[in-house]
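Visitor: Please find one structure pasted underneath; my questions will follow.
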Amino acid sequence: MKNILLIGGSYGIGLALSLELQKENNVFVASRSNENLAELKVTHITFDAVSGSLDTSLLPSVIDGLVYCPGSINLRPFKALKTEAFEADMQINFFSLVKVIQTVLPNLTASEQSSIVLFSSVAASMGMPFHTSVASAKGAVEGFAKALAAEYAPKIRVNVIAPSLTDTPLAEKFLSSEEKREKSAQRHPLKRVGTTEDVAQMASFLLSDKSSWISGQVFHVDGGMSTLLVNT
């Protein structure tokens with residue numbers, strides 16, 4: 001069985017991935033809360049990705065897979081954003097991610113071939129109004145992932161998933177009514193909002209041996225938004 005570490009696996013996509021991975025892996029979830037994990041076969045480690053330090057003594061010496069789930073959806077007009085907002089988005093989406101990977105790098109390199117899965121956004125590749133802050137942070141994630149994949153090949157595979165709006169607690173305010181949900185669904189060629197399972201299944205695949213010849217890629221799990229025109 002593989003040892004998989006999820007940073008943030010108590011809610012949303014992380015929780016869906018915990019549910020999926022626990023079936024055939026040893027899963028370690030490092031998050032602020034263990035809510036929703038009581039019935040799962042996972043080991044919880046209390047950890048705040050932004051302000052805390054990960055205690056590696058609580059982890060196995062070999063980690064075969066790492067997923068960094070924390071993120072933000074900060075949608076505001078550029079003129080209303082202060083520099084601090086950009087810094088906050090970079091901190092949770094990128095700088096904290098870098099710190100985690102550096103912390104567990106010896107565990108990842110101890111694996112025959114480990115896999116890192118990171119999260120971007122469709123906004124990093126599409127110009128979308130009010131997304132300047134989050135798009136900047138997610139763009140940093142994509143560039144970092146490709147460079148890291150090149151540096152550590154073939155020992156560590158690194159891939160990125162770039163979803164569109166997905167039905168998670170983080171996106172709740174954007175899907176808080178049937179009208180909002182329907183408008184969002186119609187923006188996607190596949191005419192629905194993404195589910196946590198849609199994204200978790202791709203992450204599970206990228207952690208598995210079935211993807212052992214895939215690295216340095218950005219996968220757009222976005223209902224076709226980034227590449228297809230919406231039928232009208």
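Residues are named by chain letter and number: chains run A, B, ... in the order of the structure tokens, numbers start at 1 in each chain, and ligands are numbered from 1 in the order shown.
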With a cut-off of 6 Å, could you pull out the residues of range 158-204 of chain A touching range 13-32 of chain A and give me the nearest pair of atoms for each, distance in Å to one decimal, using only C-alpha atoms, ordered by chain and ascending number, as a Markdown table?
Guide:
| residue | atom | partner | partner_atom | distance |
| --- | --- | --- | --- | --- |
| A:Thr196 | CA | A:Ile13 | CA | 4.7 |
| A:Glu197 | CA | A:Ala16 | CA | 5.9 |
| A:Ala200 | CA | A:Leu17 | CA | 4.8 |
Visitor: Which residues of range 154-219 of chain A come within 12 Å of range 125-130 of chain A, and what is each one's closest atom pair and distance in Å (one decimal), counting only C-alpha atoms, sorted by chain and residue number, as JSON lines?
Guide:
{"residue": "A:Ala162", "atom": "CA", "partner": "A:Ser125", "partner_atom": "CA", "distance": 9.0}
{"residue": "A:Pro163", "atom": "CA", "partner": "A:Ser125", "partner_atom": "CA", "distance": 11.0}
{"residue": "A:Ser164", "atom": "CA", "partner": "A:Met126", "partner_atom": "CA", "distance": 10.6}
{"residue": "A:Val218", "atom": "CA", "partner": "A:Ser125", "partner_atom": "CA", "distance": 10.2}
{"residue": "A:Phe219", "atom": "CA", "partner": "A:Ser125", "partner_atom": "CA", "distance": 11.3}
Visitor: Limited to C-alpha atoms, could you put the picked residues into a file as a PDB file, in the first residue's frame?
Guide:
ATOM      1  CA  ALA A 162      -6.821  23.238 -12.932  1.00  0.00           C
ATOM      2  CA  PRO A 163     -10.558  23.053 -12.210  1.00  0.00           C
ATOM      3  CA  SER A 164     -13.278  25.509 -13.041  1.00  0.00           C
ATOM      4  CA  VAL A 218      -1.608  20.787 -16.210  1.00  0.00           C
ATOM      5  CA  PHE A 219      -4.951  18.994 -16.489  1.00  0.00           C
TER       6      PHE A 219
END
Visitor: Using only C-alpha atoms, can you tell me which of A:Leu206, A:Lys99, A:Ser212, A:Asp48 comes closest to Val67 in chain A?
Guide: A:Leu206
Visitor: Figure out the distance between CA of Ser51 in chain A and CA of Val141 in chain A, please, to one decimal in Å.
Guide: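 Separation between CA of Val141 in chain A and CA of Ser51 in chain A: 19.1 Å.
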Visitor: Need the shell around Thr168 in chain A: protein/DNA/RNA residues with any atom at most 10 Å away, counting only C-alpha atoms. Skip same-chain ones fewer than 4 positions apart. Format as an MDAnalysis selection string?
Guide: chainID A and resid 11:14 172:175 194:196
Visitor: Set the distance at 8 Å and use only C-alpha atoms: which residues neighbour Ala123 in chain A once local chain neighbours fewer than 6 positions away are removed? I'd like the list as a PDB file with N, CA and C atoms, in the first residue's frame.
Guide:
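Below you can see out00.pdb, which holds the result:
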ATOM      1  N   HIS A 131     -10.202  38.266 -11.396  1.00  0.00           N
ATOM      2  CA  HIS A 131      -9.395  37.118 -10.965  1.00  0.00           C
ATOM      3  C   HIS A 131      -7.898  37.444 -10.859  1.00  0.00           C
ATOM      4  N   VAL A 134      -6.029  35.749  -7.569  1.00  0.00           N
ATOM      5  CA  VAL A 134      -5.973  34.285  -7.533  1.00  0.00           C
ATOM      6  C   VAL A 134      -5.289  33.733  -8.785  1.00  0.00           C
ATOM      7  N   ALA A 135      -5.491  34.378  -9.937  1.00  0.00           N
ATOM      8  CA  ALA A 135      -4.844  33.920 -11.166  1.00  0.00           C
ATOM      9  C   ALA A 135      -3.321  34.053 -11.056  1.00  0.00           C
ATOM     10  N   SER A 164     -12.412  24.343 -13.020  1.00  0.00           N
ATOM     11  CA  SER A 164     -13.278  25.509 -13.041  1.00  0.00           C
ATOM     12  C   SER A 164     -14.031  25.521 -11.706  1.00  0.00           C
TER      13      SER A 164
END
